[in-house]
Structures are given as C-alpha cells and as structure tokens.
Amino acid sequence: MPEDFDDMESVTPHQGTKDLLDSDLLNIGAPGSGGGPQERNVTALLARSLHTGWSRGSVVAIDAGVHLSAITKVLEASQPQGLGTSIGLPHILGSGPFAGMELKSTSPSVNAGHVTRHLIDTFLITHPHLDHISGFVINTAGLGGARPKRLAGLPSTISAFKQHIFNNVIWPNLSDENNGAGLVTYMRLVEGGSPALGEGDGKGYLEISDGLGVRIFSVSHGHCMERNSNRASSASSRFGSFDAASLTASPRAAPGSTAASGPSNMFRTSGASTDKETISVYDSSAYFVRDNATGREVLVFGDVEPDSISLSPRNLIIWWEAAPRIAKGNLVAIFIECSYDNSQSDDCLFGHLTPKYLIEELQSLAAAVEAAKAPKTDPVKKRKRDVEVAVNLQAPPEDAPVSPKSTRPSKKGPGSMEHSCANSPHIATPTAELSLKDVEANMGHVAQVPQSANVLRGLKVVIIHVKEKLIDVVDPKELILSQLLAAEEEAQLGCEFIVSSQGQSFLL
C-alpha cells in the first residue's frame with residue numbers, strides 16, 4: 001500500500017455528523033494529488049455536492065491522470081475489515097473519502113467500477129497533458145455503460161483529444177464524432193461561462209451535474225517553440241482558446257461547435273502566422289466549481305505559471321473573478337499547483353509555480369479581495385478608472401527573468417501583426433463588471449500587494465501537483481509547505497495552506 005494512503009483523513013473545520021451535515025456542502029476528493037514522476041500519483045480530483053448524496057452522476061472528475069486504480073486503492077484503505085462476513089452487505093461506509101456511499105461488494109475493484117460506471121458522468125479536463133488525462137483515456141475502453149462519459153474542457157482541449165488521442169492511432173476513437181464508438185461525448189465549454197445560463201451569482205455557470213455548476217477560464221502553462229503555424233493561434237491572452245479543427249472543417253463551425261477533426265490549437269503564437277519558428281503559449285485552464293443549492297464554491301487550477309514571467313499573463317483575470325466571491329464568503333478553497341520548491345530556477349520551471357511565485361499570485365488575489373470589499377463607487381466612474389489603470393500597467397524590465405516556457409510580453413503597439421491577425425477570434429466577455437478583461441491582451445505584469453493583513457483569512461489554499469525528486473533528502477511536500485509558511489509570516493495573507501496527499505478528502 002503506498003504510504004500516501006496510510007493516513008486518509010477528511011479535512012474539515014467541523015467535528016461530528018451533525019456539524020458535517022449542517023455546515024459542509026462540498027466534498028473534494030484527491031485520488032491523485034502529485035505531479036509525477038511516479039505515475040501512480042498524478043493529478044485527479046473528484047467533486048460532489050453533499051446535497052445530492054451518492055446519486056447517479058453526482059460525482060464530477062476534475063482531471064484524471066490516475067482514475068480507476070486510485071479509486072480502488074482509496075476503497076481498499078477505507079473498507080472495513082470483515083466486510084461480507086461479520087459486516088453484512090450492503091454496507092454504508094462510515095469514513096474516508098467515500099463516507100456515506102453504499103457498498104454492494106466485498107471487492108474494492110468492483111466497488112470502484114461502480115463509482116466510475118454510475119456515479120461519474122463528467123470529466124472536466126484542465127489541459128491534455130498525459131499526467132492529467134491518462135487514467136481517463138485508459139479507463140474509457142473497459143467501463144462502458146448505458147450512457148457515454150462527457151469529456152468537457154476548452155474547445156482547444158477537445159481538439160487535442162480528437163487529433164492526438166482518440167484518433168485510432170494512439171487510442172481507438174471512442175468518441176461520438178467521426179464515426180467513433182460513442183463511449184465519450186465531447187462538451188466544449190465557453191470560456192468565462194455563457195451569459196445565457198444562470199442568474200444572479202450563478203450567472204454563466206453551466207450545470208455539469210445535478211448539484212454542481214462550473215465556469216472555465218484559460219491560464220498560461222508556459223510556452224514552447226513551434227514551427228507548424230497551423231497548431232498555433234495569435235497571442236491575445238484569452239482569444240486563442242477555440243477549436244481550430246472546427247473552423248477548418250465546416251463553414252458553419254465556430255468556437256464551441258461540434259465539427260469534425262482538424263489540427264489541434266492548444267498554442268498561441270507570439271507573432272503572425274508564418275512557417276518560421278515562433279514562440280507559442282500553451283493553454284491550461286481553471287474551473288470555478290459551485291454548489292448550486294448554496295452558492296459555495298471552490299477554484300481548481302490545472303498547471304499554471306506565474307503572471308510575472310508569463311508571455312500571456314491571465315491569472316489576474318481569475319483573481320478578479322474570485323475576489324467578490326471570497327469577499328462574500330462563498331469561495332472557500334483554492335486548489336492550485338506548486339510543483340517545485342524555491343530552489344528551482346526560473347529557466348527550469350516549465351510553466352509551473354514555486355512557493356515564492358504562489359505567494360506573489362496570492363498577494364494579487366488579496367489585493368483584488370480588498371478592492372471587492374471597499375465601499376462601492378459610481379459603476380461608470382469605477383469602470384473608467386479601472387480601464388485607465390490597466391492601460392497604464394507597465395511591462396517588466398528588460399532583465400526580468402523568464403521561464404523556458406515564458407517570454408516577456410511584447411511591446412508591439414496596436415498596429416502590429418499581433419493585434420491584427422485574422423486568426424484571432426474574439427469571444428464576448430460574459431460579465432461586464434470585470435473591466436480588466438477589456439484590456440488584458442498583451443498587458444504587462446505589475447505586482448499587486450494588499451494594504452492590510454489577513455485579507456484571505458478563512459480561505460484554504462490546497463497545494464496539488466508537487467513533483468517528487470526521488471532522492472534521499474527532505475520530502476518536497478514538507479519543504480514546499482515550510483517555504484510557504486515562512487513567506488506567509490511576512491506576507492500576512494491569512495489563508496491556510498494544506499499540501500494534499502493521495503486519497504485525502506476535503507469537506508468544505
């Protein structure tokens with residue numbers, strides 16, 4: 001049994017069943033919490049609204065680098081001794097990540113199969129790197145059911161699956177497109193959420209299960225060098241996240257369509273489309289996951305790099321989206337990667353975070369929360385002031401460090417090819433109040449610092465995707481946590497840091 005499963009606890013500020021039922025509304029499980037290289041523990045989360053119990057389709061998977069095997073191990077560790085003999089079947093689990101679920105078999109594998117077949121209908125994918133999708137891909141062929149699994153993500157993510165995974169080469173085409181087997185159906189999500197869905201605080205959220213709604217935003221996961229211009233889109237920070245396959249396959253196709261396959265479009269070029277080598281930003285994404293009944297939310301990031309060294313900084317957009325939700329007490333936890341400790345140099349980050357950069361990002365969040373809590377001003381004047389401030393933001397100095405998947409924002413002006421490329425589709429913003437969105441393209445990074453202490457008090461920051469070094473030194477999780485806590489002493493953000501372990505469950 002891997003040691004990550006030796007101490008499987010449910011993390012919650014409340015004690016006892018009555019408090020749990022009265023106060024905790026969301027259950028986030030972590031069948032996979034690591035970032036490799038051990039393939040048994042890579043990114044995989046499960047989300048469920050406690051209001052729905054363990055009903056069919058009530059569990060939503062967020063990434064699935066590991067899946068069925070990890071769920072099996074969680075059940076091996078939490079099923080009671082004597083199940084099927086001294087403890088009769090069916091049996092209701094009393095503890096662990098699947099507490100309250102009815103077991104009908106003594107076999108953890110059979111029970112895990114039930115979870116995947118009947119409880120999980122939808123997989124939300126942040127980006128199509130193997131450590132986030134391999135469990136899902138392998139499991140699709142062996143666990144067919146009465147309805148297909150929904151694979152949801154940015155259109156560019158769906159395009160990558162069609163072109164590079166379910167293509168009858170790497171893996172059979174098990175999708176319901178291009179004459180596939182129909183075991184998987186694609187769901188292209190509108191970045192920022194659809195303004196036609198929901199109302200009030202739930203506006204833009206897509207109901208992904210009976211109890212949960214989601215909104216997706218793209219983030220930067222570094223960059224790579226690209227020679228094939230067909231795989232890239234222009235460098236506007238959000239507007240390249242569309243399915244290029246759809247645009248080449250059908251005259252009626254547009255972002256979010258279900259047209260046939262074509263070239264993948266996970267990348268954004270740093271200049272005009274040519275056959276020359278270009279720097280292309282790789283898109284990942286972040287999900288706001290909302291309990292429909294109560295409005296309680298969590299924010300889950302895929303792999304992400306800091307804005308301060310990114311070619312396409314977009315984290316600040318998400319922090320401004322999150323800030324009013326934190327100010328109201330609705331957003332209670334952020335699941336975010338911190339792959340390396342602070343000894344990792346910027347040129348070897350490969351589109352990831354370290355403690356110092358995570359603290360930097362959380363300071364930006366805290367500053368946004370401060371602004372959200374400030375007395376309201378005339379909305380027209382506030383919008384004009386925010387746009388003026390955003391326009392005046394300066395790019396980092398010439399000698400600012402960059403990661404190997406990042407470059408400094410371009411200084412080209414509005415008349416440059418970066419702004420005039422015909423292949424840069426503009427997706428309408430669903431919410432008007434976030435004025436920074438109007439000017440985020442090619443916007444330089446300026447550090448944001450809160451003016452008061454403990455602005456993020458009550459917020460849990462759960463660390464995922466820690467990479468093991470497999471050398472006989474300090475545990476990387478312990479080192480990263482110690483560096484975060486040391487930085488927090490100076491930053492005084494007030495949030496609680498938790499480094500997740502495989503098999504852990506969070507009741508929020």
# chains A, B, ... in the order shown; residues from 1 in each chain; ligands from 1
call {"tool": "residues_around", "arguments": {"residues": "segment 316-323 of chain A", "least_positions_apart": "2", "cutoff": "6 Å", "atoms": "only C-alpha atoms", "output": "compact mmCIF listing (two decimals) with C-alpha atoms, in the first residue's frame"}}
result
# COMPACT_ATOMS: atom_id res chain seq x y z
CA ARG A 314 -4.04 35.74 -17.29
CA ARG A 325 -16.82 35.52 -4.14
CA ILE A 326 -14.20 35.41 -1.40
CA LEU A 365 -5.70 37.88 -5.13
CA ALA A 368 -8.37 42.16 -5.51
CA VAL A 369 -10.34 40.99 -2.45
call {"tool": "residues_around", "arguments": {"residues": "Lys356 of chain A", "least_positions_apart": "4", "cutoff": "8 Å", "atoms": "only C-alpha atoms", "output": "PyMOL selection string"}}
result
chain A and resi 342+360+483-484+487
call {"tool": "closest_residue", "arguments": {"among": "A:Ser339, A:Thr106, A:Thr354, A:Ser482", "to": "Lys469 of chain A", "atoms": "only C-alpha atoms"}}
result
A:Ser339
call {"tool": "closest_residue", "arguments": {"among": "A:Thr122, A:Ser156, A:Ser218, A:Ser285", "to": "Arg48 of chain A", "atoms": "only C-alpha atoms"}}
result
A:Thr122
call {"tool": "select_by_dssp", "arguments": {"residues": "segment 33-234 of chain A", "states": "strand (DSSP E)", "output": "NGL selection string"}}
result
:A and (44-49 or 59-64 or 91-92 or 102-103 or 120-124 or 149-153 or 184-188 or 206-207 or 212-226 or 232-233)
call {"tool": "write_last_selection", "arguments": {"atoms": "N, CA and C atoms", "output": "compact mmCIF listing (two decimals), in the first residue's frame"}}
result
# COMPACT_ATOMS: atom_id res chain seq x y z
N ALA A 44 -5.67 14.13 -10.14
CA ALA A 44 -7.04 13.64 -10.29
C ALA A 44 -7.84 14.06 -9.06
N LEU A 45 -8.92 14.79 -9.28
CA LEU A 45 -9.80 15.21 -8.20
C LEU A 45 -11.23 14.76 -8.50
N LEU A 46 -12.01 14.57 -7.44
CA LEU A 46 -13.42 14.24 -7.57
C LEU A 46 -14.22 15.25 -6.75
N ALA A 47 -15.27 15.83 -7.34
CA ALA A 47 -16.07 16.84 -6.67
C ALA A 47 -17.52 16.37 -6.59
N ARG A 48 -18.15 16.70 -5.46
CA ARG A 48 -19.56 16.28 -5.26
C ARG A 48 -20.23 17.27 -4.32
N SER A 49 -21.47 17.61 -4.62
CA SER A 49 -22.30 18.36 -3.68
C SER A 49 -22.90 17.38 -2.68
N VAL A 59 -21.05 12.68 -8.99
CA VAL A 59 -19.61 12.96 -8.83
C VAL A 59 -19.05 13.47 -10.16
N VAL A 60 -18.27 14.54 -10.09
CA VAL A 60 -17.61 15.11 -11.26
C VAL A 60 -16.11 14.94 -11.09
N ALA A 61 -15.45 14.39 -12.09
CA ALA A 61 -13.99 14.25 -12.06
C ALA A 61 -13.35 15.50 -12.65
N ILE A 62 -12.34 16.01 -11.98
CA ILE A 62 -11.57 17.15 -12.49
C ILE A 62 -10.16 16.64 -12.76
N ASP A 63 -9.85 16.44 -14.01
CA ASP A 63 -8.64 15.76 -14.47
C ASP A 63 -8.65 14.30 -14.01
N ALA A 64 -7.88 13.48 -14.70
CA ALA A 64 -7.86 12.05 -14.40
C ALA A 64 -6.56 11.45 -14.89
N HIS A 91 -23.43 -2.37 2.68
CA HIS A 91 -22.86 -1.66 3.83
C HIS A 91 -22.61 -0.21 3.47
N ILE A 92 -22.94 0.69 4.40
CA ILE A 92 -22.70 2.12 4.21
C ILE A 92 -21.35 2.48 4.82
N GLU A 102 -22.94 3.48 -0.41
CA GLU A 102 -23.33 2.09 -0.17
C GLU A 102 -22.43 1.14 -0.96
N LEU A 103 -21.85 0.18 -0.25
CA LEU A 103 -21.04 -0.86 -0.89
C LEU A 103 -21.90 -2.11 -1.07
N ILE A 120 -19.92 8.75 -11.80
CA ILE A 120 -19.18 9.78 -12.54
C ILE A 120 -19.64 9.80 -13.99
N ASP A 121 -20.29 10.88 -14.38
CA ASP A 121 -20.72 11.05 -15.77
C ASP A 121 -19.81 12.01 -16.54
N THR A 122 -19.18 12.96 -15.81
CA THR A 122 -18.48 14.06 -16.48
C THR A 122 -17.04 14.17 -15.99
N PHE A 123 -16.13 14.38 -16.94
CA PHE A 123 -14.72 14.62 -16.66
C PHE A 123 -14.38 16.03 -17.15
N LEU A 124 -14.02 16.90 -16.22
CA LEU A 124 -13.57 18.24 -16.56
C LEU A 124 -12.05 18.21 -16.72
N LYS A 149 -19.56 8.87 -21.38
CA LYS A 149 -18.94 9.82 -20.48
C LYS A 149 -18.79 11.15 -21.21
N ARG A 150 -19.04 12.23 -20.47
CA ARG A 150 -18.86 13.56 -21.04
C ARG A 150 -17.45 14.04 -20.76
N LEU A 151 -16.74 14.40 -21.80
CA LEU A 151 -15.40 14.96 -21.68
C LEU A 151 -15.52 16.46 -21.96
N ALA A 152 -15.33 17.28 -20.91
CA ALA A 152 -15.57 18.71 -21.01
C ALA A 152 -14.27 19.48 -20.85
N GLY A 153 -14.15 20.59 -21.58
CA GLY A 153 -12.98 21.45 -21.47
C GLY A 153 -13.03 22.55 -22.49
N VAL A 184 -17.63 8.18 -25.49
CA VAL A 184 -17.28 9.51 -24.98
C VAL A 184 -17.97 10.55 -25.83
N THR A 185 -18.56 11.55 -25.19
CA THR A 185 -19.13 12.67 -25.92
C THR A 185 -18.42 13.95 -25.50
N TYR A 186 -18.06 14.76 -26.47
CA TYR A 186 -17.30 15.99 -26.19
C TYR A 186 -18.23 17.12 -25.78
N MET A 187 -17.75 17.92 -24.85
CA MET A 187 -18.51 19.08 -24.37
C MET A 187 -17.57 20.28 -24.35
N ARG A 188 -17.74 21.17 -25.32
CA ARG A 188 -16.89 22.35 -25.43
C ARG A 188 -17.44 23.47 -24.57
N LEU A 206 -22.46 26.66 -15.89
CA LEU A 206 -23.10 25.54 -16.57
C LEU A 206 -23.34 24.42 -15.58
N GLU A 207 -24.57 23.95 -15.46
CA GLU A 207 -24.88 22.85 -14.55
C GLU A 207 -24.30 21.56 -15.13
N LEU A 212 -23.84 20.53 -9.15
CA LEU A 212 -22.70 21.40 -9.36
C LEU A 212 -22.80 22.18 -10.67
N GLY A 213 -22.33 23.43 -10.62
CA GLY A 213 -22.18 24.25 -11.81
C GLY A 213 -20.73 24.66 -11.96
N VAL A 214 -20.29 24.94 -13.20
CA VAL A 214 -18.88 25.29 -13.42
C VAL A 214 -18.76 26.45 -14.40
N ARG A 215 -17.66 27.19 -14.24
CA ARG A 215 -17.19 28.15 -15.24
C ARG A 215 -15.71 27.88 -15.45
N ILE A 216 -15.25 28.08 -16.66
CA ILE A 216 -13.86 27.79 -17.01
C ILE A 216 -13.16 29.05 -17.53
N PHE A 217 -11.89 29.19 -17.17
CA PHE A 217 -11.05 30.27 -17.67
C PHE A 217 -9.72 29.68 -18.10
N SER A 218 -9.16 30.21 -19.16
CA SER A 218 -7.85 29.72 -19.61
C SER A 218 -6.75 30.39 -18.81
N VAL A 219 -5.64 29.67 -18.63
CA VAL A 219 -4.44 30.20 -17.99
C VAL A 219 -3.24 29.76 -18.82
N SER A 220 -2.10 30.36 -18.54
CA SER A 220 -0.89 30.03 -19.28
C SER A 220 -0.09 28.95 -18.56
N HIS A 221 0.30 27.92 -19.32
CA HIS A 221 1.13 26.84 -18.80
C HIS A 221 2.50 26.88 -19.49
N GLY A 222 3.02 28.08 -19.68
CA GLY A 222 4.33 28.23 -20.29
C GLY A 222 4.25 28.29 -21.80
N HIS A 223 5.41 28.13 -22.44
CA HIS A 223 5.43 28.19 -23.89
C HIS A 223 6.41 27.18 -24.46
N CYS A 224 6.32 27.00 -25.74
CA CYS A 224 7.23 26.11 -26.45
C CYS A 224 7.54 26.73 -27.81
N MET A 225 8.53 26.19 -28.48
CA MET A 225 8.90 26.65 -29.81
C MET A 225 8.11 25.87 -30.85
N GLU A 226 7.46 26.57 -31.77
CA GLU A 226 6.61 25.94 -32.77
C GLU A 226 7.06 26.34 -34.18
N ALA A 232 -0.95 26.85 -34.01
CA ALA A 232 -0.90 27.98 -33.10
C ALA A 232 -1.95 29.01 -33.42
N SER A 233 -2.25 29.84 -32.42
CA SER A 233 -3.13 30.97 -32.61
C SER A 233 -2.41 32.21 -32.17
call {"tool": "closest_residue", "arguments": {"among": "A:Glu305, A:His164, A:Asp131, A:Ser107", "to": "Gly84 of chain A", "atoms": "only C-alpha atoms"}}
result
A:Ser107
call {"tool": "atom_distance", "arguments": {"atom1": "atom CA of Arg457 of chain A", "atom2": "atom CA of Gly200 of chain A"}}
result
25.2 Å
call {"tool": "atom_distance", "arguments": {"atom1": "atom CA of Leu26 of chain A", "atom2": "atom CA of Pro128 of chain A"}}
result
25.9 Å
call {"tool": "atom_distance", "arguments": {"atom1": "atom CA of Thr157 of chain A", "atom2": "atom CA of Gly193 of chain A"}}
result
16.1 Å
call {"tool": "residues_around", "arguments": {"residues": "Cys338 of chain A", "least_positions_apart": "4", "cutoff": "12 Å", "atoms": "only C-alpha atoms", "output": "NGL selection string"}}
result
:A and (33-35 or 301-306 or 342 or 344 or 349 or 351-359 or 361 or 461-468 or 476-477 or 479-481 or 483-484 or 497-500)
call {"tool": "closest_residue", "arguments": {"among": "A:Thr72, A:Gln504, A:Asn454, A:Ser345", "to": "Glu489 of chain A", "atoms": "only C-alpha atoms"}}
result
A:Asn454
call {"tool": "closest_residue", "arguments": {"among": "A:Ile28, A:Ala70, A:Ala141, A:Leu93", "to": "Trp171 of chain A", "atoms": "only C-alpha atoms"}}
result
A:Ala141
